[in-house]
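**Q** File name entry-v6.csv; file contents CSV, C-alpha atoms and all ligand atoms; full text below.
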```
chain,number,residue,atom,x,y,z
A,1,MET,CA,-39.9,5.6,-7.3
A,2,LEU,CA,-37.7,6.5,-10.3
A,3,PRO,CA,-34.3,5.3,-9.1
A,4,TYR,CA,-30.9,6.8,-10.1
A,5,SER,CA,-30.2,3.5,-11.9
A,6,THR,CA,-31.9,0.1,-12.4
A,7,GLN,CA,-31.7,-3.0,-14.6
A,8,LEU,CA,-33.7,-3.7,-17.7
A,9,ILE,CA,-34.6,-7.4,-18.1
A,10,ASP,CA,-36.7,-8.3,-21.1
A,11,ASP,CA,-38.3,-11.6,-22.3
A,12,GLU,CA,-35.2,-12.6,-24.2
A,13,ASP,CA,-33.1,-12.4,-21.0
A,14,ILE,CA,-35.7,-14.4,-19.2
A,15,GLN,CA,-35.8,-17.0,-22.0
A,16,ALA,CA,-32.0,-17.3,-21.9
A,17,VAL,CA,-32.0,-17.9,-18.1
A,18,VAL,CA,-34.9,-20.4,-18.3
A,19,GLU,CA,-33.2,-22.4,-21.0
A,20,THR,CA,-30.0,-22.6,-19.0
A,21,LEU,CA,-31.9,-23.7,-15.9
A,22,LYS,CA,-33.2,-26.7,-17.9
A,23,SER,CA,-29.7,-27.7,-19.1
A,24,PRO,CA,-27.8,-30.4,-17.3
A,25,ILE,CA,-24.9,-28.2,-16.2
A,26,LEU,CA,-25.6,-25.2,-13.9
A,27,VAL,CA,-22.1,-24.4,-12.7
A,28,GLN,CA,-19.3,-22.7,-14.7
A,29,ASP,CA,-19.1,-24.3,-18.2
A,30,LYS,CA,-19.8,-23.4,-21.8
A,31,LYS,CA,-22.1,-20.4,-21.1
A,32,VAL,CA,-19.4,-18.8,-19.0
A,33,GLU,CA,-16.9,-19.4,-21.8
A,34,GLU,CA,-19.3,-17.9,-24.3
A,35,PHE,CA,-19.8,-14.8,-22.1
A,36,GLU,CA,-16.0,-14.4,-21.7
A,37,GLU,CA,-15.5,-14.6,-25.4
A,38,ALA,CA,-18.3,-12.1,-26.0
A,39,LEU,CA,-16.6,-9.7,-23.5
A,40,CYS,CA,-13.3,-10.0,-25.4
A,41,ARG,CA,-15.0,-9.4,-28.7
A,42,TYR,CA,-16.9,-6.4,-27.3
A,43,THR,CA,-13.9,-4.7,-25.7
A,44,GLY,CA,-11.0,-6.0,-27.8
A,45,ALA,CA,-9.2,-7.4,-24.8
A,46,LYS,CA,-7.3,-10.7,-25.2
A,47,HIS,CA,-8.7,-12.5,-22.1
A,48,ALA,CA,-11.8,-12.1,-20.0
A,49,ILE,CA,-12.2,-14.1,-16.8
A,50,ALA,CA,-15.7,-14.1,-15.3
A,51,PHE,CA,-16.2,-14.1,-11.5
A,52,ASN,CA,-19.2,-14.2,-9.2
A,53,SER,CA,-18.7,-10.5,-8.4
A,54,ALA,CA,-16.5,-7.5,-9.1
A,55,THR,CA,-15.3,-7.8,-5.5
A,56,THR,CA,-13.9,-11.3,-6.0
A,57,ALA,CA,-12.6,-10.2,-9.4
A,58,LEU,CA,-10.7,-7.3,-7.7
A,59,PHE,CA,-9.4,-9.6,-5.0
A,60,SER,CA,-8.1,-12.1,-7.6
A,61,ALA,CA,-6.5,-9.4,-9.8
A,62,TYR,CA,-4.7,-8.0,-6.8
A,63,LEU,CA,-3.6,-11.4,-5.7
A,64,THR,CA,-2.5,-12.3,-9.3
A,65,CYS,CA,-0.1,-9.4,-9.5
A,66,GLY,CA,1.4,-10.2,-6.1
A,67,ILE,CA,0.0,-7.3,-4.0
A,68,GLY,CA,0.6,-8.3,-0.4
A,69,ILE,CA,1.7,-7.4,3.1
A,70,ASP,CA,3.3,-3.9,3.4
A,71,ASP,CA,2.8,-3.0,-0.3
A,72,GLU,CA,1.2,0.4,-1.1
A,73,VAL,CA,-1.6,0.9,-3.6
A,74,ILE,CA,-2.4,4.4,-4.9
A,75,THR,CA,-6.1,4.7,-5.4
A,76,SER,CA,-9.2,6.9,-5.4
A,77,PRO,CA,-11.3,7.4,-2.3
A,78,ILE,CA,-14.4,8.2,-4.4
A,79,SER,CA,-15.4,4.6,-5.0
A,80,PHE,CA,-17.3,1.7,-3.5
A,81,VAL,CA,-15.4,0.3,-0.6
A,82,ALA,CA,-14.6,-3.0,-2.4
A,83,THR,CA,-11.9,-1.2,-4.5
A,84,SER,CA,-9.6,-0.8,-1.5
A,85,ASN,CA,-11.1,-3.5,0.8
A,86,MET,CA,-9.7,-6.3,-1.5
A,87,PHE,CA,-6.1,-5.2,-1.4
A,88,VAL,CA,-6.4,-4.4,2.3
A,89,ALA,CA,-7.6,-8.0,2.7
A,90,LEU,CA,-4.2,-9.0,1.2
A,91,GLY,CA,-2.3,-6.8,3.7
A,92,ALA,CA,-1.6,-3.8,1.5
A,93,LYS,CA,-2.1,-0.2,2.5
A,94,PRO,CA,-4.2,2.4,0.6
A,95,ILE,CA,-2.5,5.6,-0.4
A,96,TRP,CA,-5.3,7.9,-1.2
A,97,CYS,CA,-5.0,10.3,-4.1
A,98,ASP,CA,-7.3,13.3,-4.4
A,99,VAL,CA,-9.8,13.4,-7.2
A,100,LYS,CA,-11.0,16.0,-9.8
A,101,LEU,CA,-14.4,17.5,-9.8
A,102,ASP,CA,-15.5,14.8,-12.2
A,103,GLY,CA,-14.9,12.2,-9.4
A,104,ASN,CA,-11.9,10.6,-11.2
A,105,ILE,CA,-8.4,10.3,-9.7
A,106,ASP,CA,-6.3,13.5,-10.2
A,107,GLU,CA,-3.4,12.1,-12.2
A,108,ARG,CA,-1.3,15.2,-11.4
A,109,PHE,CA,-1.0,14.0,-7.8
A,110,ILE,CA,-0.1,10.4,-8.4
A,111,GLU,CA,3.6,10.6,-8.9
A,112,LYS,CA,4.4,12.3,-5.7
A,113,LEU,CA,2.6,9.6,-3.8
A,114,ILE,CA,4.9,6.9,-5.1
A,115,THR,CA,7.4,5.3,-2.7
A,116,PRO,CA,9.6,2.2,-2.9
A,117,LYS,CA,6.7,0.3,-1.4
A,118,THR,CA,4.2,1.3,-4.2
A,119,LYS,CA,3.0,-1.7,-6.2
A,120,ALA,CA,0.1,-0.6,-8.2
A,121,ILE,CA,-2.2,2.3,-9.2
A,122,VAL,CA,-5.9,1.6,-9.0
A,123,PRO,CA,-8.1,4.2,-10.6
A,124,VAL,CA,-11.9,4.1,-10.9
A,125,ASP,CA,-13.8,5.3,-14.0
A,126,PHE,CA,-16.3,7.2,-11.9
A,127,ALA,CA,-19.9,7.2,-13.3
A,128,GLY,CA,-18.5,5.6,-16.5
A,129,LYS,CA,-16.2,8.5,-17.5
A,130,PRO,CA,-12.8,7.0,-18.5
A,131,VAL,CA,-9.8,8.1,-16.3
A,132,GLU,CA,-6.7,9.7,-17.9
A,133,SER,CA,-5.3,6.3,-18.7
A,134,LYS,CA,-2.5,7.6,-21.0
A,135,THR,CA,-1.0,9.7,-18.3
A,136,ILE,CA,-1.6,7.0,-15.6
A,137,ASN,CA,0.0,4.3,-17.8
A,138,GLU,CA,3.1,6.5,-18.5
A,139,ILE,CA,3.6,7.2,-14.7
A,140,ALA,CA,3.2,3.4,-14.0
A,141,LYS,CA,5.7,2.5,-16.7
A,142,LYS,CA,8.3,5.0,-15.5
A,143,HIS,CA,8.1,3.6,-12.0
A,144,ASN,CA,7.5,0.0,-12.9
A,145,LEU,CA,4.0,-0.2,-11.4
A,146,LEU,CA,0.9,-2.0,-12.5
A,147,VAL,CA,-2.4,-0.3,-13.4
A,148,ILE,CA,-5.5,-2.1,-12.3
A,149,ASP,CA,-8.6,-0.2,-13.4
A,150,ASP,CA,-11.8,-0.6,-11.4
A,151,ALA,CA,-14.1,-0.1,-14.3
A,152,SER,CA,-17.2,-1.4,-12.5
A,153,HIS,CA,-19.1,1.6,-13.9
A,154,ALA,CA,-17.5,1.7,-17.3
A,155,LEU,CA,-18.4,-1.3,-19.5
A,156,GLY,CA,-18.9,0.2,-22.9
A,157,SER,CA,-16.9,3.4,-22.2
A,158,SER,CA,-14.0,4.3,-24.5
A,159,VAL,CA,-11.2,6.7,-25.2
A,160,ASN,CA,-10.7,7.5,-28.9
A,161,ASP,CA,-12.6,4.4,-29.8
A,162,LYS,CA,-10.4,2.1,-27.6
A,163,LYS,CA,-12.7,0.4,-25.1
A,164,VAL,CA,-12.2,0.5,-21.4
A,165,GLY,CA,-10.9,-3.1,-20.7
A,166,THR,CA,-7.8,-2.6,-23.0
A,167,LEU,CA,-6.4,0.5,-21.3
A,168,ALA,CA,-4.8,-1.0,-18.2
A,169,ASP,CA,-2.8,-4.1,-17.1
A,170,MET,CA,-6.0,-5.5,-15.7
A,171,THR,CA,-9.6,-4.1,-15.8
A,172,ILE,CA,-12.4,-5.1,-13.6
A,173,PHE,CA,-16.1,-4.9,-14.5
A,174,SER,CA,-19.1,-5.4,-12.3
A,175,PHE,CA,-22.4,-7.0,-13.4
A,176,HIS,CA,-24.2,-6.3,-10.2
A,177,ALA,CA,-27.9,-5.7,-10.8
A,178,ILE,CA,-27.7,-2.0,-11.5
A,179,LYS,CA,-24.3,-1.7,-13.3
A,180,PRO,CA,-24.2,-1.1,-17.1
A,181,ILE,CA,-25.3,-4.7,-17.7
A,182,THR,CA,-26.2,-7.4,-15.2
A,183,THR,CA,-25.8,-11.1,-14.4
A,184,SER,CA,-27.6,-10.4,-11.1
A,185,GLU,CA,-24.3,-10.7,-9.3
A,186,GLY,CA,-21.1,-11.0,-11.3
A,187,GLY,CA,-17.8,-9.5,-12.4
A,188,ALA,CA,-14.9,-10.0,-14.7
A,189,VAL,CA,-11.2,-9.3,-15.1
A,190,LEU,CA,-10.0,-8.3,-18.6
A,191,THR,CA,-6.3,-8.5,-19.5
A,192,ASP,CA,-4.0,-9.0,-22.5
A,193,ASN,CA,-1.5,-10.8,-20.3
A,194,ASP,CA,-1.5,-14.6,-20.7
A,195,GLU,CA,0.1,-15.4,-17.4
A,196,TYR,CA,-2.3,-13.2,-15.4
A,197,ALA,CA,-5.2,-14.8,-17.2
A,198,ALA,CA,-4.0,-18.3,-16.3
A,199,GLN,CA,-3.4,-17.3,-12.7
A,200,LEU,CA,-6.8,-15.7,-12.5
A,201,ARG,CA,-8.5,-18.9,-13.7
A,202,LEU,CA,-6.7,-20.9,-11.0
A,203,ILE,CA,-7.6,-18.5,-8.2
A,204,ARG,CA,-11.2,-18.6,-9.3
A,205,SER,CA,-11.5,-22.3,-8.9
A,206,HIS,CA,-9.5,-23.8,-6.0
A,207,GLY,CA,-6.1,-23.5,-7.7
A,208,MET,CA,-6.7,-26.9,-9.3
A,209,VAL,CA,-5.7,-28.1,-12.7
A,210,LYS,CA,-6.9,-31.3,-14.3
A,211,LYS,CA,-4.1,-33.8,-15.1
A,212,SER,CA,-5.8,-36.9,-16.4
A,213,LEU,CA,-9.1,-38.8,-15.9
A,214,TRP,CA,-9.9,-38.2,-12.2
A,215,VAL,CA,-6.5,-36.9,-11.3
A,216,SER,CA,-6.1,-33.2,-10.6
A,217,ASP,CA,-3.4,-31.2,-8.9
A,218,MET,CA,-3.9,-28.1,-6.7
A,219,THR,CA,-0.9,-25.9,-7.7
A,220,THR,CA,-1.9,-22.7,-5.9
A,221,LEU,CA,-4.2,-21.5,-3.2
A,222,GLY,CA,-7.6,-20.9,-4.8
A,223,TYR,CA,-11.2,-20.2,-4.0
A,224,ASN,CA,-14.6,-20.7,-5.4
A,225,PHE,CA,-15.3,-17.4,-7.2
A,226,ARG,CA,-17.0,-18.9,-10.2
A,227,MET,CA,-19.9,-17.5,-12.1
A,228,THR,CA,-22.9,-19.8,-12.7
A,229,GLU,CA,-24.1,-20.8,-16.1
A,230,ILE,CA,-27.4,-19.1,-15.3
A,231,ALA,CA,-25.7,-15.8,-14.6
A,232,ALA,CA,-23.5,-16.1,-17.7
A,233,ALA,CA,-26.6,-16.8,-19.9
A,234,LEU,CA,-28.1,-13.6,-18.6
A,235,GLY,CA,-24.8,-11.8,-19.2
A,236,ILE,CA,-24.6,-13.0,-22.9
A,237,SER,CA,-28.2,-11.8,-23.5
A,238,GLN,CA,-27.6,-8.4,-21.7
A,239,LEU,CA,-24.3,-7.8,-23.5
A,240,LYS,CA,-26.1,-7.9,-26.8
A,241,LYS,CA,-28.2,-4.9,-25.6
A,242,LEU,CA,-25.4,-2.9,-24.0
A,243,ASP,CA,-25.0,-0.5,-26.9
A,244,SER,CA,-28.7,0.2,-27.0
A,245,PHE,CA,-28.6,0.8,-23.2
A,246,ILE,CA,-25.7,3.2,-23.5
A,247,GLU,CA,-27.4,5.0,-26.4
A,248,LYS,CA,-30.5,5.4,-24.2
A,249,ARG,CA,-28.5,6.6,-21.2
A,250,ASN,CA,-26.6,9.1,-23.5
A,251,GLU,CA,-29.9,10.4,-24.8
A,252,ILE,CA,-31.0,11.1,-21.3
A,253,ALA,CA,-27.6,12.6,-20.4
A,254,ALA,CA,-27.7,14.8,-23.4
A,255,TYR,CA,-31.1,16.1,-22.4
A,256,TYR,CA,-29.8,16.9,-18.9
A,257,ASP,CA,-26.6,18.5,-20.4
A,258,GLU,CA,-28.7,20.8,-22.5
A,259,ARG,CA,-31.3,21.5,-19.9
A,260,PHE,CA,-28.7,22.4,-17.2
A,261,LYS,CA,-26.1,24.1,-19.3
A,262,ASN,CA,-26.7,27.6,-18.0
A,263,GLU,CA,-27.3,26.6,-14.3
A,264,LYS,CA,-25.5,28.7,-11.8
A,265,LEU,CA,-26.3,26.6,-8.7
A,266,PHE,CA,-24.7,23.4,-9.8
A,267,ALA,CA,-22.5,21.9,-12.5
A,268,THR,CA,-22.6,18.7,-14.5
A,269,VAL,CA,-19.7,16.5,-15.6
A,270,LYS,CA,-18.2,17.3,-19.1
A,271,LEU,CA,-16.9,14.6,-21.4
A,272,GLU,CA,-13.8,15.9,-23.2
A,273,SER,CA,-13.5,15.0,-26.9
A,274,GLY,CA,-12.6,11.4,-27.7
A,275,LEU,CA,-14.3,10.2,-24.5
A,276,LYS,CA,-17.4,8.0,-24.5
A,277,SER,CA,-19.1,7.2,-21.2
A,278,SER,CA,-21.3,4.3,-20.3
A,279,ARG,CA,-23.3,6.9,-18.3
A,280,HIS,CA,-23.7,4.5,-15.5
A,281,LEU,CA,-24.4,7.6,-13.3
A,282,TYR,CA,-25.3,11.1,-14.1
A,283,PRO,CA,-23.7,13.2,-11.3
A,284,ILE,CA,-24.8,16.7,-10.3
A,285,ILE,CA,-22.2,18.8,-8.6
A,286,LEU,CA,-23.8,21.3,-6.3
A,287,ASN,CA,-22.2,24.7,-5.7
A,288,PRO,CA,-20.9,25.4,-2.2
A,289,GLU,CA,-23.9,27.6,-1.3
A,290,LEU,CA,-26.1,24.5,-1.5
A,291,HIS,CA,-23.8,22.0,0.3
A,292,CYS,CA,-25.6,22.6,3.6
A,293,LYS,CA,-29.0,22.0,1.9
A,294,LYS,CA,-28.1,18.7,0.3
A,295,GLU,CA,-29.9,16.6,3.0
A,296,GLU,CA,-33.1,18.6,2.5
A,297,ILE,CA,-32.8,18.4,-1.3
A,298,TYR,CA,-32.2,14.6,-1.1
A,299,LYS,CA,-35.1,14.1,1.3
A,300,GLU,CA,-37.5,16.2,-0.8
A,301,LEU,CA,-36.6,14.4,-4.0
A,302,HIS,CA,-37.2,11.1,-2.3
A,303,GLU,CA,-40.6,12.3,-1.1
A,304,CYS,CA,-41.4,13.2,-4.7
A,305,GLY,CA,-40.6,9.7,-5.9
A,306,TYR,CA,-37.0,10.3,-7.1
A,307,GLY,CA,-34.5,7.8,-5.8
A,308,VAL,CA,-31.4,10.0,-6.1
A,309,GLN,CA,-28.2,8.7,-4.5
A,310,ILE,CA,-24.9,10.0,-3.3
A,311,HIS,CA,-21.7,8.5,-4.7
A,312,TYR,CA,-19.6,8.1,-2.6
A,313,LYS,CA,-18.7,8.7,1.0
A,314,PRO,CA,-14.9,8.9,0.8
A,315,ILE,CA,-13.6,5.4,1.6
A,316,TYR,CA,-11.1,6.8,4.2
A,317,GLN,CA,-14.0,8.3,6.2
A,318,ASN,CA,-15.3,4.8,7.2
A,319,SER,CA,-14.5,3.9,10.8
A,320,PHE,CA,-12.6,0.8,9.7
A,321,TYR,CA,-10.2,2.8,7.6
A,322,ARG,CA,-9.9,5.6,10.2
A,323,GLU,CA,-9.0,3.1,12.9
A,324,LYS,CA,-6.6,1.1,10.8
A,325,PHE,CA,-4.9,3.8,8.8
A,326,GLY,CA,-5.6,7.1,10.6
A,327,THR,CA,-7.4,10.3,9.6
A,328,VAL,CA,-7.2,11.5,6.0
A,329,PHE,CA,-8.4,14.8,4.5
A,330,LEU,CA,-8.3,15.4,0.8
A,331,PRO,CA,-9.8,18.8,-0.2
A,332,VAL,CA,-11.4,18.0,-3.5
A,333,THR,CA,-12.6,14.6,-2.4
A,334,GLU,CA,-14.3,16.2,0.6
A,335,ASP,CA,-15.8,18.8,-1.6
A,336,PHE,CA,-17.0,16.2,-4.1
A,337,TYR,CA,-18.7,14.3,-1.4
A,338,ARG,CA,-20.5,17.4,-0.2
A,339,SER,CA,-21.5,18.3,-3.8
A,340,GLU,CA,-22.4,15.1,-5.6
A,341,ILE,CA,-26.0,13.8,-6.3
A,342,SER,CA,-26.6,11.0,-8.8
A,343,ILE,CA,-29.9,11.7,-10.6
A,344,PRO,CA,-32.0,9.2,-12.5
A,345,CYS,CA,-30.3,8.1,-15.7
A,346,HIS,CA,-30.9,4.5,-17.0
A,347,GLN,CA,-32.3,2.5,-20.0
A,348,LYS,CA,-35.6,1.8,-18.3
A,349,MET,CA,-36.8,5.5,-18.1
A,350,SER,CA,-38.1,7.7,-20.9
A,351,LEU,CA,-37.1,11.2,-21.9
A,352,ARG,CA,-40.4,12.3,-20.5
A,353,ASP,CA,-39.4,10.9,-17.1
A,354,ALA,CA,-36.1,12.9,-17.4
A,355,LYS,CA,-38.0,16.1,-18.3
A,356,LYS,CA,-40.4,15.7,-15.3
A,357,PHE,CA,-37.4,15.0,-13.1
A,358,ALA,CA,-35.5,18.1,-14.3
A,359,ASP,CA,-38.6,20.3,-13.8
A,360,LYS,CA,-38.9,19.1,-10.2
A,361,PHE,CA,-35.2,19.2,-9.5
A,362,LEU,CA,-34.9,22.8,-10.7
A,363,GLU,CA,-37.9,23.8,-8.7
A,364,ILE,CA,-36.4,22.3,-5.5
A,365,ILE,CA,-32.9,23.7,-6.1
A,366,SER,CA,-34.2,27.2,-6.7
A,367,LYS,CA,-36.2,27.1,-3.6
A,368,TYR,CA,-33.2,26.2,-1.5
A,369,SER,CA,-31.0,28.7,-3.2
A,370,TYR,CA,-32.9,31.5,-1.5
A,371,ARG,CA,-32.0,29.9,1.9
A,372,GLY,CA,-28.4,29.2,0.9
A,373,CYS,CA,-25.7,28.3,3.3
A,374,SER,CA,-23.8,31.0,5.2
A,375,PHE,CA,-20.0,31.0,5.3
B,1,LIG,C1,-20.3,-2.0,-7.7
B,1,LIG,C2,-18.8,-1.7,-7.5
B,1,LIG,C3,-17.9,-2.7,-7.0
B,1,LIG,C4,-18.3,-4.0,-6.5
B,1,LIG,O1,-19.0,-4.7,-7.4
B,1,LIG,P1,-19.7,-6.1,-7.0
B,1,LIG,O2,-20.0,-6.7,-8.3
B,1,LIG,O3,-21.0,-5.7,-6.3
B,1,LIG,O4,-18.8,-6.9,-6.2
B,1,LIG,C5,-16.6,-2.3,-7.0
B,1,LIG,N1,-16.2,-1.1,-7.4
B,1,LIG,C6,-17.0,-0.2,-7.8
B,1,LIG,C7,-16.5,1.1,-8.3
B,1,LIG,C8,-18.4,-0.4,-7.9
B,1,LIG,O5,-19.2,0.5,-8.3
```
Could you spell out this file's structure in structure tokens?
**A**
Amino acid sequence: MLPYSTQLIDDEDIQAVVETLKSPILVQDKKVEEFEEALCRYTGAKHAIAFNSATTALFSAYLTCGIGIDDEVITSPISFVATSNMFVALGAKPIWCDVKLDGNIDERFIEKLITPKTKAIVPVDFAGKPVESKTINEIAKKHNLLVIDDASHALGSSVNDKKVGTLADMTIFSFHAIKPITTSEGGAVLTDNDEYAAQLRLIRSHGMVKKSLWVSDMTTLGYNFRMTEIAAALGISQLKKLDSFIEKRNEIAAYYDERFKNEKLFATVKLESGLKSSRHLYPIILNPELHCKKEEIYKELHECGYGVQIHYKPIYQNSFYREKFGTVFLPVTEDFYRSEISIPCHQKMSLRDAKKFADKFLEIISKYSYRGCSF
């Protein structure tokens, strides 16, 4: 099966993990610090705080900026559920903003969703394409809101050579197995704000500060969201290869862009000038006449050995959200969910794999186009 995305672990990664396993300290220590420093150097952010997942990183970021009961958070429904789950866990309410046909939040709709209860804007850099951070930051500044960017897909993405990680008050990355780099499970918050960084470190580890010798003091309610030394060793090794991973994914994406540029039955996502994408996903946007055939297209691709995936079911369609917050319908979001298919694009596949996939994909698509949907 050629999956839509997968990790690439080489001997150097394995060596780094094995060496760390033999060291006396396995829990958060020097390797975690080294990984955090490497993340700062790579992105240009002042602070990086590593976590055991992006989910706990999101939770800690929301908690740090004081999101709580009855606050409202404006966010994108085209994301993994953790983006909103973690502020809902703190008692806040999601205010869903419609997306554009690239899957990113539509910044034109944000301002009219703002109320006196709004605390933050949480965009998601879908597939690795950076959101319109300049506009979003201006809106946030004008209304005294925070921007927390869920950049789980977007480590290595940039806007005019400024890396994602420096374009919001706090930025969250995921190092889950199939994200742009992996620590098996892991995440991080990046920020330039010293107070947030200190608070994030406290929340990550029981809210405790060391005073002297054996004496410590718990100054705030904290958790154990720490990354292990083993995971950090893998992260350090993977981060060295991130640019080559991205280059490879961009090579595959460029091939698809060229191959599909005259397609009438589906569209691909364009990157406007100045934008660089990690290419975590390569989304295909089917035209409406193929929406009703998506299940068949998906099934047939899987039968042919292609592990395509759909990103994402709008978060508000989940029964938990419907029961708690009522029914929501956002037209472009609904359309996006009906249209989107993520096709294989990762550093472990070859251009030949991409070509073979494209041949099969076009064959299947054209077959279904004859039996298009009726309206
Ligand atoms: C993967 C992902 C998460 C969760 O990341 P974990 O590291 O698995 O907790 C959150 N948001 C988005 C957009 C993701 O893709």
**Q** One number please: CA of Gly165 (chain A) to CA of Arg41 (chain A), in Å, one decimal.
**A** 11.0 Å
**Q** Within 10 Å of ligand LIG 1 (chain B) (counting all atoms listed in the file), which residues show up? I'd like them as JSON, numbers by chain.
**A** {"A": [51, 52, 53, 54, 55, 56, 57, 58, 59, 76, 78, 79, 80, 81, 82, 83, 84, 85, 86, 123, 124, 125, 126, 127, 128, 149, 150, 151, 152, 153, 154, 172, 173, 174, 175, 176, 177, 178, 179, 182, 183, 184, 185, 186, 187, 188, 280, 311, 312]}
**Q** Can you work out the spacing between CA of Ala358 (chain A) and CA of Pro130 (chain A) in Å, to one decimal?
**A**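 Computing it gives 25.6 Å between the two atoms.
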**Q** Using all atoms listed in the file, collect all residues at a distance of at most 9 Å from (4.3, 10.7, -11.6) as written in the file, then present them as JSON, numbers by chain.
**A** {"A": [107, 108, 109, 110, 111, 112, 113, 114, 135, 136, 138, 139, 140, 142, 143]}
**Q** Can you tell me which residues surround Glu295 (chain A) at a distance of at most 12 Å, considering all atoms listed in the file, apart from same-chain residues fewer than 2 positions away, and format the answer as a PyMOL selection string?
**A** chain A and resi 290-293+297-302+308-310+338-341+365+368
**Q** May I have the residues within 9 Å of Cys65 (chain A) as a PDB file with C-alpha atoms, keeping the file's coordinate frame, using all atoms listed in the file and disregarding those fewer than 6 positions away in the same chain?
**A**
```
ATOM      1  CA  LYS A 119       3.000  -1.700  -6.200  1.00  0.00           C
ATOM      2  CA  ALA A 120       0.100  -0.600  -8.200  1.00  0.00           C
ATOM      3  CA  LEU A 146       0.900  -2.000 -12.500  1.00  0.00           C
ATOM      4  CA  TYR A 196      -2.300 -13.200 -15.400  1.00  0.00           C
TER       5      TYR A 196
END
```
**Q** Expressed in Å to a single decimal, how great is the separation between CA of Ile121 (chain A) and CA of Ala92 (chain A)?
**A**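 Atom-to-atom, CA of Ile121 (chain A) to CA of Ala92 (chain A), that is 12.3 Å.
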**Q** Pick from A:Gly235, A:Met208, A:Ser158, A:Ile203: nearest to Glu37 (chain A), with all atoms listed in the file counted?
**A**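 For Glu37 (chain A), the nearest of the given residues is A:Gly235.
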**Q** Please list as an NGL selection string every residue within 9 Å of Gly156 (chain A), counting only C-alpha atoms and excluding residues in the same chain fewer than 2 positions away.
**A** :A and (42-43 or 128 or 154 or 158 or 163-165 or 180 or 242-243 or 246 or 276-278)
